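One file, target-v2.cif, carrying mmCIF, C-alpha atoms:
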```cif
data_structure
loop_
_atom_site.label_atom_id
_atom_site.label_comp_id
_atom_site.auth_asym_id
_atom_site.auth_seq_id
_atom_site.Cartn_x
_atom_site.Cartn_y
_atom_site.Cartn_z
CA MET T 1 -35.57 33.37 41.52
CA THR T 2 -35.58 32.83 45.22
CA THR T 3 -38.08 35.67 45.52
CA PRO T 4 -40.98 34.54 43.36
CA GLY T 5 -44.33 36.25 42.99
CA ARG T 6 -47.04 36.71 45.52
CA THR T 7 -48.11 33.06 45.72
CA VAL T 8 -45.29 30.77 46.74
CA LEU T 9 -46.12 27.08 46.28
CA ALA T 10 -42.61 25.65 46.55
CA GLU T 11 -39.21 27.14 47.05
CA PHE T 12 -36.66 26.59 44.27
CA HIS T 13 -33.39 25.01 45.33
CA PRO T 14 -30.60 25.70 42.84
CA PRO T 15 -28.71 22.51 42.03
CA GLY T 16 -25.34 22.08 43.74
CA PRO T 17 -22.68 19.53 44.58
CA ALA T 18 -25.21 17.52 46.56
CA ASP T 19 -26.97 16.62 43.29
CA PHE T 20 -23.87 14.73 42.24
CA GLN T 21 -23.92 12.52 45.32
CA LEU T 22 -26.36 9.88 44.16
CA PRO T 23 -27.46 7.23 46.61
CA PRO T 24 -25.55 3.96 46.20
CA ILE T 25 -27.18 1.32 44.01
CA PHE T 26 -26.24 -1.48 46.41
CA GLY T 27 -23.75 -1.59 49.24
CA ASP T 28 -21.09 1.00 48.55
CA VAL T 29 -21.47 0.73 44.78
CA THR T 30 -22.59 3.99 43.21
CA LYS T 31 -23.82 4.86 39.72
CA PRO T 32 -20.50 6.34 38.48
CA MET T 33 -18.69 3.19 39.61
CA VAL T 34 -21.02 1.01 37.57
CA LEU T 35 -20.78 3.37 34.60
CA TYR T 36 -17.00 3.45 34.78
CA VAL T 37 -16.65 -0.33 34.82
CA LEU T 38 -19.23 -0.55 32.05
CA SER T 39 -17.17 1.85 29.93
CA GLY T 40 -14.13 -0.40 30.28
CA VAL T 41 -16.12 -3.45 29.22
CA LEU T 42 -17.72 -1.54 26.36
CA ILE T 43 -14.48 -0.12 24.97
CA PHE T 44 -12.61 -3.40 25.12
CA GLY T 45 -15.57 -5.34 23.77
CA LEU T 46 -16.00 -3.09 20.75
CA PHE T 47 -12.31 -2.84 19.99
CA TYR T 48 -11.82 -6.57 20.37
CA ALA T 49 -14.75 -7.32 18.10
CA ALA T 50 -13.41 -4.86 15.54
CA SER T 51 -9.80 -6.06 15.62
CA ARG T 52 -10.31 -9.80 16.14
CA ARG T 53 -10.25 -10.80 12.47
CA ALA T 54 -7.37 -8.47 11.57
CA ALA T 55 -8.31 -8.83 7.91
CA VAL T 56 -6.30 -7.22 5.13
CA VAL T 57 -9.57 -6.06 3.59
CA PRO T 58 -11.54 -4.76 6.58
CA GLY T 59 -15.24 -5.24 7.11
CA ARG T 60 -17.49 -2.45 8.29
CA MET T 61 -16.83 -3.14 11.98
CA GLN T 62 -13.07 -3.39 11.54
CA PHE T 63 -13.02 -0.27 9.41
CA ALA T 64 -14.79 1.71 12.12
CA GLY T 65 -12.45 0.29 14.77
CA GLU T 66 -9.40 1.14 12.71
CA TYR T 67 -10.68 4.63 12.15
CA ALA T 68 -11.06 5.20 15.91
CA TYR T 69 -7.75 3.54 16.69
CA ASN T 70 -5.91 5.45 13.97
CA PHE T 71 -7.21 8.73 15.30
CA VAL T 72 -5.35 8.18 18.57
CA ARG T 73 -2.44 6.29 17.02
CA ASN T 74 -1.58 8.75 14.26
CA SER T 75 -3.12 12.11 15.08
CA ILE T 76 -2.30 12.09 18.78
CA ALA T 77 0.45 9.62 19.59
CA ARG T 78 2.66 9.73 16.50
CA ASP T 79 2.39 13.46 15.94
CA SER T 80 3.22 14.29 19.57
CA ILE T 81 5.77 11.63 20.49
CA GLY T 82 7.48 11.04 17.17
CA SER T 83 7.55 7.94 15.04
CA ALA T 84 10.50 6.38 16.87
CA ASP T 85 8.91 5.76 20.28
CA PHE T 86 5.19 6.28 19.93
CA MET T 87 4.07 2.67 19.56
CA LYS T 88 4.89 1.91 23.20
CA PHE T 89 2.35 4.47 24.34
CA VAL T 90 -0.44 3.75 21.89
CA PRO T 91 -2.28 1.31 24.18
CA TYR T 92 -2.19 3.76 27.09
CA LEU T 93 -3.33 6.71 24.97
CA THR T 94 -6.04 4.69 23.25
CA ALA T 95 -7.45 3.52 26.55
CA LEU T 96 -7.17 7.03 27.96
CA PHE T 97 -8.94 8.75 25.09
CA PHE T 98 -11.80 6.31 24.85
CA ILE T 99 -12.42 5.89 28.57
CA ILE T 100 -12.72 9.67 28.93
CA LEU T 101 -14.81 9.95 25.77
CA VAL T 102 -17.28 7.23 26.74
CA ASN T 103 -17.61 8.39 30.34
CA ASN T 104 -18.17 11.96 29.19
CA TYR T 105 -20.86 10.98 26.73
CA TYR T 106 -22.67 9.11 29.46
CA GLY T 107 -23.80 12.62 30.39
CA LEU T 108 -25.89 12.84 27.24
CA ILE T 109 -27.23 9.30 27.00
CA PRO T 110 -30.78 9.02 28.36
CA LEU T 111 -31.13 6.94 31.56
CA LEU T 112 -27.36 6.83 32.11
CA GLN T 113 -27.14 10.63 32.00
CA PHE T 114 -24.19 11.08 34.29
CA PRO T 115 -20.66 12.10 33.32
CA THR T 116 -18.40 9.95 35.45
CA PHE T 117 -15.63 12.54 35.56
CA SER T 118 -17.86 14.99 37.37
CA HIS T 119 -16.65 12.96 40.34
CA SER T 120 -13.17 14.34 40.83
CA GLY T 121 -11.70 11.04 42.01
CA TYR T 122 -11.72 9.50 38.51
CA ALA T 123 -10.04 12.57 37.01
CA TYR T 124 -7.39 12.48 39.77
CA ALA T 125 -6.79 8.81 39.06
CA LEU T 126 -6.08 9.32 35.35
CA ALA T 127 -4.04 12.48 35.90
CA ALA T 128 -1.92 10.66 38.50
CA LEU T 129 -1.25 7.79 36.11
CA THR T 130 -0.26 10.20 33.35
CA TRP T 131 2.04 12.03 35.80
CA ILE T 132 3.73 8.79 36.82
CA LEU T 133 4.03 7.70 33.21
CA TYR T 134 5.64 10.79 31.71
CA ASN T 135 7.98 11.35 34.63
CA GLY T 136 8.80 7.65 34.67
CA VAL T 137 9.77 7.43 31.00
CA GLY T 138 11.70 10.69 31.31
CA ILE T 139 13.74 9.46 34.27
CA ALA T 140 14.24 6.08 32.60
CA LYS T 141 15.66 7.77 29.53
CA HIS T 142 17.71 10.65 30.94
CA GLY T 143 18.41 9.54 34.50
CA PHE T 144 17.18 11.46 37.50
CA ALA T 145 19.51 14.47 37.22
CA GLY T 146 19.28 14.57 33.43
CA TYR T 147 15.51 14.54 33.55
CA PHE T 148 15.41 17.27 36.20
CA LYS T 149 17.72 19.39 34.05
CA LEU T 150 15.54 18.74 30.99
CA GLN T 151 12.33 19.76 32.72
CA ALA T 152 13.55 22.56 35.01
CA VAL T 153 16.57 24.19 33.34
CA PRO T 154 15.76 25.75 30.00
CA GLY T 155 18.58 25.80 27.46
CA GLY T 156 20.31 29.09 26.67
CA VAL T 157 19.67 30.60 30.09
CA GLY T 158 22.53 31.20 32.50
CA GLY T 159 23.54 33.23 35.53
CA PRO T 160 21.47 34.35 38.49
CA ILE T 161 18.21 34.30 36.53
CA LEU T 162 18.29 30.53 36.90
CA LEU T 163 17.38 31.06 40.56
CA LEU T 164 14.09 32.39 39.33
CA ILE T 165 13.56 30.19 36.31
CA VAL T 166 14.34 26.77 37.80
CA PRO T 167 11.66 26.81 40.52
CA LEU T 168 9.11 28.17 38.07
CA GLU T 169 9.86 25.56 35.43
CA PHE T 170 9.83 22.82 38.03
CA MET T 171 6.49 24.02 39.29
CA SER T 172 4.87 24.25 35.90
CA ASN T 173 6.29 21.07 34.40
CA ILE T 174 6.26 18.74 37.37
CA LEU T 175 3.82 19.99 39.99
CA VAL T 176 1.10 21.87 38.15
CA ARG T 177 0.58 19.66 35.12
CA PRO T 178 -1.29 16.81 36.84
CA VAL T 179 -3.44 19.29 38.74
CA THR T 180 -4.49 21.19 35.64
CA LEU T 181 -5.09 17.96 33.75
CA ALA T 182 -7.40 16.64 36.46
CA LEU T 183 -9.17 19.90 37.20
CA ARG T 184 -9.77 20.78 33.56
CA LEU T 185 -11.55 17.50 32.96
CA PHE T 186 -13.39 17.38 36.25
CA ALA T 187 -14.51 21.00 36.23
CA ASN T 188 -15.75 20.91 32.65
CA MET T 189 -17.82 17.82 33.28
CA PHE T 190 -19.06 19.07 36.63
CA ALA T 191 -20.01 22.50 35.35
CA GLY T 192 -21.60 21.17 32.19
CA HIS T 193 -23.74 18.74 34.06
CA LEU T 194 -24.66 21.38 36.62
CA LEU T 195 -25.72 23.68 33.81
CA LEU T 196 -27.94 20.99 32.33
CA ILE T 197 -29.53 20.27 35.72
CA LEU T 198 -30.07 23.96 36.29
CA PHE T 199 -31.83 24.55 32.98
CA THR T 200 -33.99 21.45 33.11
CA LEU T 201 -34.98 21.68 36.78
CA GLY T 202 -35.35 25.45 36.60
CA GLY T 203 -37.59 25.07 33.56
CA SER T 204 -39.69 22.48 35.35
CA TYR T 205 -39.99 24.76 38.36
CA LEU T 206 -41.02 27.76 36.28
CA VAL T 207 -43.57 25.81 34.26
CA PHE T 208 -45.11 23.54 36.87
CA GLU T 209 -44.34 24.81 40.37
CA SER T 210 -43.92 28.59 40.36
CA GLY T 211 -47.69 29.12 40.33
CA ASN T 212 -47.31 32.12 38.08
CA ILE T 213 -48.54 31.53 34.51
CA LEU T 214 -46.29 34.33 33.20
CA TYR T 215 -43.21 32.35 34.21
CA ALA T 216 -44.21 29.37 32.07
CA PRO T 217 -42.85 30.75 28.72
CA VAL T 218 -39.55 31.53 30.44
CA GLY T 219 -39.50 27.94 31.65
CA VAL T 220 -39.94 26.73 28.06
CA ILE T 221 -37.04 28.96 27.01
CA ALA T 222 -34.98 27.36 29.78
CA TRP T 223 -35.76 23.92 28.36
CA LEU T 224 -34.76 25.06 24.87
CA LEU T 225 -31.54 26.37 26.35
CA ALA T 226 -31.02 22.99 28.00
CA ILE T 227 -31.17 21.40 24.56
CA ALA T 228 -28.73 23.97 23.19
CA VAL T 229 -26.39 23.40 26.12
CA SER T 230 -26.57 19.66 25.44
CA PHE T 231 -25.15 20.22 21.97
CA LEU T 232 -22.46 22.46 23.40
CA GLU T 233 -21.70 19.76 25.94
CA ALA T 234 -21.38 17.17 23.18
CA LEU T 235 -18.56 19.26 21.77
CA VAL T 236 -16.97 19.90 25.16
CA MET T 237 -17.09 16.20 26.04
CA PHE T 238 -15.14 15.29 22.93
CA LEU T 239 -12.71 18.17 23.37
CA GLN T 240 -11.94 17.26 26.96
CA ALA T 241 -11.12 13.68 25.98
CA TYR T 242 -8.99 14.97 23.12
CA VAL T 243 -7.18 17.59 25.18
CA PHE T 244 -6.43 15.24 28.07
CA THR T 245 -5.00 12.63 25.70
CA LEU T 246 -3.14 15.11 23.54
CA LEU T 247 -1.51 16.76 26.57
CA THR T 248 -0.53 13.37 27.95
CA ALA T 249 1.08 12.53 24.63
CA GLN T 250 2.90 15.86 24.54
CA TYR T 251 4.14 15.46 28.10
CA ILE T 252 5.51 12.04 27.16
CA GLY T 253 7.05 13.51 24.01
CA GLY T 254 8.59 16.32 26.03
CA ALA T 255 9.99 13.92 28.60
CA LEU T 256 11.60 11.83 25.86
CA ALA T 257 12.96 14.81 23.94
CA ASP T 258 16.69 15.36 23.77
CA GLU T 259 16.59 19.13 23.91
CA HIS T 260 14.36 21.30 25.96
CA MET O 1 -34.71 20.88 54.61
CA SER O 2 -32.14 23.19 56.14
CA SER O 3 -30.01 20.22 57.09
CA THR O 4 -29.80 19.07 53.45
CA ILE O 5 -28.77 22.55 52.41
CA LEU O 6 -26.09 22.59 55.06
CA ALA O 7 -24.91 19.16 53.99
CA ALA O 8 -24.80 20.29 50.40
CA GLU O 9 -22.83 23.39 51.27
CA GLY O 10 -20.39 21.39 53.34
CA LEU O 11 -19.79 19.07 50.42
CA ASN O 12 -16.65 19.91 48.46
CA PRO O 13 -16.66 18.27 45.03
CA LEU O 14 -12.90 18.71 44.79
CA VAL O 15 -12.39 16.26 47.63
CA PRO O 16 -12.48 12.84 46.05
CA HIS O 17 -13.71 9.53 47.33
CA VAL O 18 -10.71 7.31 47.83
CA ASP O 19 -12.54 4.24 46.48
CA GLU O 20 -13.25 6.13 43.26
CA ILE O 21 -9.56 6.89 42.76
CA ILE O 22 -8.71 3.22 43.32
CA LEU O 23 -11.44 2.06 40.96
CA GLY O 24 -10.40 4.67 38.42
CA VAL O 25 -6.82 3.41 38.43
CA VAL O 26 -7.61 -0.31 38.49
CA VAL O 27 -10.23 -0.35 35.74
CA PHE O 28 -8.15 1.91 33.55
CA LEU O 29 -4.99 -0.18 33.95
CA ILE O 30 -6.93 -3.34 33.13
CA LEU O 31 -8.27 -1.62 30.02
CA VAL O 32 -4.76 -0.54 29.01
CA PHE O 33 -3.52 -4.10 29.49
CA LEU O 34 -6.35 -5.62 27.47
CA ILE O 35 -5.91 -3.14 24.63
CA LYS O 36 -2.15 -3.69 24.61
CA LYS O 37 -2.55 -7.44 24.64
CA PHE O 38 -5.49 -8.04 22.32
CA VAL O 39 -6.35 -4.95 20.29
CA VAL O 40 -3.14 -3.19 19.25
CA PRO O 41 -1.33 -6.32 17.96
CA ASN O 42 -4.33 -7.25 15.82
CA PHE O 43 -4.62 -3.81 14.27
CA GLU O 44 -0.87 -3.58 13.71
CA LYS O 45 -0.85 -7.04 12.18
CA ALA O 46 -3.63 -6.01 9.80
CA TYR O 47 -1.67 -2.87 8.87
CA ALA O 48 1.53 -4.81 8.29
CA GLU O 49 -0.28 -7.39 6.16
CA ARG O 50 -2.03 -4.69 4.22
CA THR O 51 1.26 -2.91 3.56
CA ALA O 52 2.85 -6.19 2.51
CA ALA O 53 -0.09 -7.01 0.26
CA ILE O 54 0.02 -3.63 -1.45
CA GLU O 55 3.79 -3.73 -1.86
CA GLY O 56 3.59 -7.34 -3.07
CA GLY O 57 0.91 -6.40 -5.58
CA MET O 58 3.01 -3.53 -6.84
CA LYS O 59 6.06 -5.76 -7.10
CA GLU O 60 4.03 -8.36 -8.99
CA ALA O 61 2.70 -5.74 -11.36
CA ALA O 62 6.20 -4.44 -12.00
CA GLN O 63 7.41 -7.97 -12.59
CA ALA O 64 4.58 -8.64 -15.03
CA GLN O 65 5.42 -5.45 -16.85
CA ASP O 66 9.07 -6.44 -17.06
CA GLU O 67 8.10 -9.84 -18.38
CA ALA O 68 5.82 -8.31 -20.97
CA LYS O 69 8.59 -5.95 -22.02
CA ALA O 70 11.07 -8.82 -22.28
CA ALA O 71 8.59 -10.84 -24.36
CA LEU O 72 8.01 -7.89 -26.67
CA GLU O 73 11.74 -7.41 -27.12
CA LYS O 74 12.13 -11.09 -27.84
CA TYR O 75 9.38 -11.03 -30.43
CA ASN O 76 10.81 -7.92 -32.04
CA ALA O 77 14.23 -9.55 -32.15
CA GLN O 78 12.74 -12.69 -33.67
CA LEU O 79 10.83 -10.64 -36.19
CA SER O 80 13.87 -8.70 -37.35
CA GLU O 81 15.85 -11.93 -37.47
CA ALA O 82 13.15 -13.47 -39.64
CA ARG O 83 13.26 -10.42 -41.90
CA HIS O 84 17.02 -10.72 -42.22
CA GLU O 85 16.66 -14.40 -42.94
CA ALA O 86 14.06 -13.73 -45.62
CA ALA O 87 16.23 -11.07 -47.22
CA ARG O 88 19.21 -13.39 -47.11
CA ILE O 89 17.23 -16.21 -48.70
CA ARG O 90 15.95 -13.90 -51.40
CA GLU O 91 19.48 -12.73 -52.10
CA GLU O 92 20.73 -16.28 -52.23
CA ALA O 93 17.95 -17.31 -54.58
CA ARG O 94 18.79 -14.43 -56.86
CA GLU O 95 22.45 -15.37 -56.85
CA GLN O 96 21.63 -19.00 -57.42
CA GLY O 97 19.32 -18.11 -60.29
CA ALA O 98 22.03 -16.02 -61.93
CA GLN O 99 24.53 -18.83 -61.42
CA ILE O 100 22.17 -21.37 -62.92
CA ILE O 101 21.58 -19.19 -65.94
CA ALA O 102 25.31 -18.75 -66.41
CA GLU O 103 25.90 -22.46 -66.05
CA MET O 104 23.16 -23.26 -68.50
CA ARG O 105 24.64 -20.84 -70.93
CA THR O 106 28.13 -22.32 -70.78
CA GLN O 107 26.65 -25.80 -70.95
CA ALA O 108 24.68 -24.91 -74.04
CA GLN O 109 27.73 -23.39 -75.63
CA GLU O 110 29.75 -26.48 -74.88
CA GLU O 111 27.03 -28.68 -76.25
CA SER O 112 26.77 -26.73 -79.45
CA GLN O 113 30.55 -26.79 -79.77
CA ARG O 114 30.50 -30.54 -79.26
CA ILE O 115 27.76 -31.00 -81.84
CA VAL O 116 29.62 -28.89 -84.33
CA THR O 117 32.86 -30.79 -83.69
CA SER O 118 31.24 -34.18 -84.01
CA ALA O 119 29.53 -33.07 -87.21
CA HIS O 120 32.88 -32.00 -88.59
CA GLN O 121 34.43 -35.34 -87.64
CA GLN O 122 31.58 -37.28 -89.21
CA ILE O 123 31.85 -35.29 -92.38
CA GLU O 124 35.58 -35.90 -92.44
CA ALA O 125 35.16 -39.65 -91.87
CA GLU O 126 32.51 -39.88 -94.54
CA ARG O 127 34.69 -37.99 -96.92
CA ALA O 128 37.60 -40.30 -96.22
CA GLN O 129 35.35 -43.31 -96.71
CA ALA O 130 34.00 -41.86 -99.89
CA VAL O 131 37.55 -41.23 -101.19
CA GLN O 132 38.57 -44.79 -100.36
CA SER O 133 35.58 -46.41 -102.00
CA LEU O 134 35.98 -44.09 -104.95
CA ARG O 135 39.58 -45.08 -105.28
CA ARG O 136 38.69 -48.80 -105.16
CA GLU O 137 35.94 -48.37 -107.67
CA VAL O 138 38.20 -46.32 -109.94
CA GLY O 139 40.73 -49.16 -109.76
CA GLN O 140 38.17 -51.77 -110.73
CA LEU O 141 36.77 -49.59 -113.43
CA SER O 142 40.10 -48.83 -114.85
CA THR O 143 41.13 -52.52 -114.73
CA GLU O 144 37.94 -53.46 -116.47
CA LEU O 145 38.44 -50.68 -118.95
CA ALA O 146 42.02 -51.68 -119.59
CA SER O 147 41.15 -55.32 -120.13
CA ARG O 148 38.51 -54.35 -122.51
CA ILE O 149 40.74 -51.96 -124.33
CA VAL O 150 43.77 -54.32 -124.32
CA GLY O 151 41.55 -57.31 -125.06
CA GLU O 152 43.44 -59.66 -123.05
CA SER O 153 42.13 -61.12 -119.98
CA LEU O 154 44.24 -60.47 -117.16
CA GLU O 155 43.42 -63.69 -115.46
CA ASP O 156 46.77 -64.33 -114.27
CA GLU O 157 46.98 -62.84 -110.91
CA ALA O 158 50.56 -61.77 -111.11
CA ARG O 159 49.95 -60.07 -114.24
CA GLN O 160 46.81 -58.52 -113.11
CA ARG O 161 48.53 -57.15 -110.07
CA ARG O 162 51.36 -55.83 -112.00
CA THR O 163 49.07 -54.12 -114.38
CA VAL O 164 47.05 -52.60 -111.60
CA GLU O 165 50.14 -51.48 -109.82
CA ARG O 166 51.51 -49.93 -112.89
CA PHE O 167 48.23 -48.22 -113.55
CA VAL O 168 47.94 -46.98 -110.04
CA ALA O 169 51.53 -45.82 -110.08
CA ASP O 170 50.80 -43.98 -113.28
CA LEU O 171 47.65 -42.64 -111.76
CA ASP O 172 49.56 -41.57 -108.72
CA GLY O 173 52.22 -40.04 -110.85
CA SER O 174 49.71 -38.20 -112.94
CA SER O 175 47.68 -37.15 -109.90
CA ASN O 176 50.88 -36.10 -108.12
CA GLY O 177 51.96 -34.26 -111.19
CA SER O 178 48.63 -32.60 -111.50
CA ALA O 179 48.61 -31.85 -107.74
CA ASN O 180 52.07 -30.47 -108.00
#
```

How does this structure look as structure tokens?
Amino acid sequence: MTTPGRTVLAEFHPPGPADFQLPPIFGDVTKPMVLYVLSGVLIFGLFYAASRRAAVVPGRMQFAGEYAYNFVRNSIARDSIGSADFMKFVPYLTALFFIILVNNYYGLIPLLQFPTFSHSGYAYALAALTWILYNGVGIAKHGFAGYFKLQAVPGGVGGPILLLIVPLEFMSNILVRPVTLALRLFANMFAGHLLLILFTLGGSYLVFESGNILYAPVGVIAWLLAIAVSFLEALVMFLQAYVFTLLTAQYIGGALADEH
Amino acid sequence: MSSTILAAEGLNPLVPHVDEIILGVVVFLILVFLIKKFVVPNFEKAYAERTAAIEGGMKEAAQAQDEAKAALEKYNAQLSEARHEAARIREEAREQGAQIIAEMRTQAQEESQRIVTSAHQQIEAERAQAVQSLRREVGQLSTELASRIVGESLEDEARQRRTVERFVADLDGSSNGSAN
């Protein structure tokens, strides 16, 4: 693409990380910051409005709120942590799931159109909190040594092989988990958004700026692909929120478990 | 133009802005707190009330069913009692009827007996009376006959009595002799 036809009107710049660095709206406040705070207000506002009446026979609003809340409460928290302890973590997991979900879907909403987690800092923040939480509850329950043994020493393994297993288990359960959590979310959102930018801007370039009429149909195909990618992204956005929350719940469940 | 490209290439998206991490943590923790404080208790309260309402409704229904069953049993018991009572009364009436008939019969027999007895007595008394008056009349007749036959007036009382006595004694003797 960087070597277009004979007549070059404008050079095409493929989108890159620089496209994610939007100019601040005012002062140091950037668009993702505003969107992130807005998501918090939105989630609490909707949930509060839905749960405020706490009626035995729910209205439409409460029913929808209960449906959303139950999805996290039952399908994620209770199934992963077990019915004895899960209620303590329901607020955290609910907030986690919906803040990721809303911020991801910002990427598809016209005008907003920016997935907050394509800025790695937000993903790091949530992954760090999850890391502190599951290690914290594990240490609180089993003590420091007990928790280390639970996470790093698998049951039924003895002898010199432990020299190999223990560092590996420690790495995968303690060190790598927060990194994969954060990177999975960040990279999916970053790549998805980049793909959308590429198809839409590339299409625009081919149709309007390439100067070659033969490129125009290809540009239209690029736009169609952008629409298709948007639907794919809609799925990915939900899945990332689900996976992040589900893994958090399973890490908590694993840290509270009695046996490895 | 080349400077922007260089800047873009030097930009590593994996390196975060520190203020974004801080904002990410703070906003999220506030959201967790708000949900824990205001949303979860309301939903859980609604669930608990709903469970209680459903269980209460089921308990009430079971209670109503028990009550209905108890009422039915009571009515059935009353009905069979009434049937027994009716049968008993019928039986009693039959017995009483039989008793009355028997009583009436004995009474009638007694009455007829009494009537027969009194009739016998009356007849006896009348016969006795008739015998007595006959005897007196026979005496008079015979006295009158005797005086006529003898021709003498038996005015004198002593004589008259003597004559009568003699006659009666004779009569008695003859009647005794004839009876014997």

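Each of O:Ile89, O:Ala62, O:Val39, O:Ala52 was checked against T:Ile43 using only C-alpha atoms; the smallest atom-to-atom distance is that of O:Val39.
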
field: Reference answer for the PyMOL selection byres ((chain T and resi 145-151) around 7), as an MDAnalysis selection string
entry: chainID T and resid 138:139 142:144 152:153 169:170 173 260

task: Output the contact residues of chain T with respect to chain O at a cut-off of 7 Å, based on only C-alpha atoms, as a ChimeraX atom specification.
output: /T:16-18,37,40,44,47-48,51-52,54-56,91-92,95,120-122,124-126

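Evaluated against this file, the PyMOL selection byres ((chain T and resi 103-112) around 8) yields Leu35, Tyr36, Ser39, Ile99, Ile100, Leu101, Val102, Gln113, Phe114, Pro115, Thr116, Phe117, Met189, His193, Ser230, Ala234, Met237, Phe238 and Ala241 of chain T.
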
Once you add 8 Å to each side, what are the centre and edge lengths of the axis-aligned box holding all listed atoms of stretch 137-149 of chain O? One decimal in Å, as JSON, if you can.
```
{"center_x": 39.0, "center_y": -50.8, "center_z": -116.0, "size_x": 22.1, "size_y": 25.0, "size_z": 32.7}
```

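One distance worth recording is that between atom CA of T:Gly219 and atom CA of T:Val207, which is 5.3 Å.
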
message: What would the selection look like, as number ranges by chain, if the PyMOL selection byres ((chain T and resi 177) around 10) were run on the coordinates I just shared?
response: T: 127-128, 130-131, 171-176, 178-183, 247-248, 251

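One finds atom CA of O:Leu171 at 10.2 Å from atom CA of O:Ser142.
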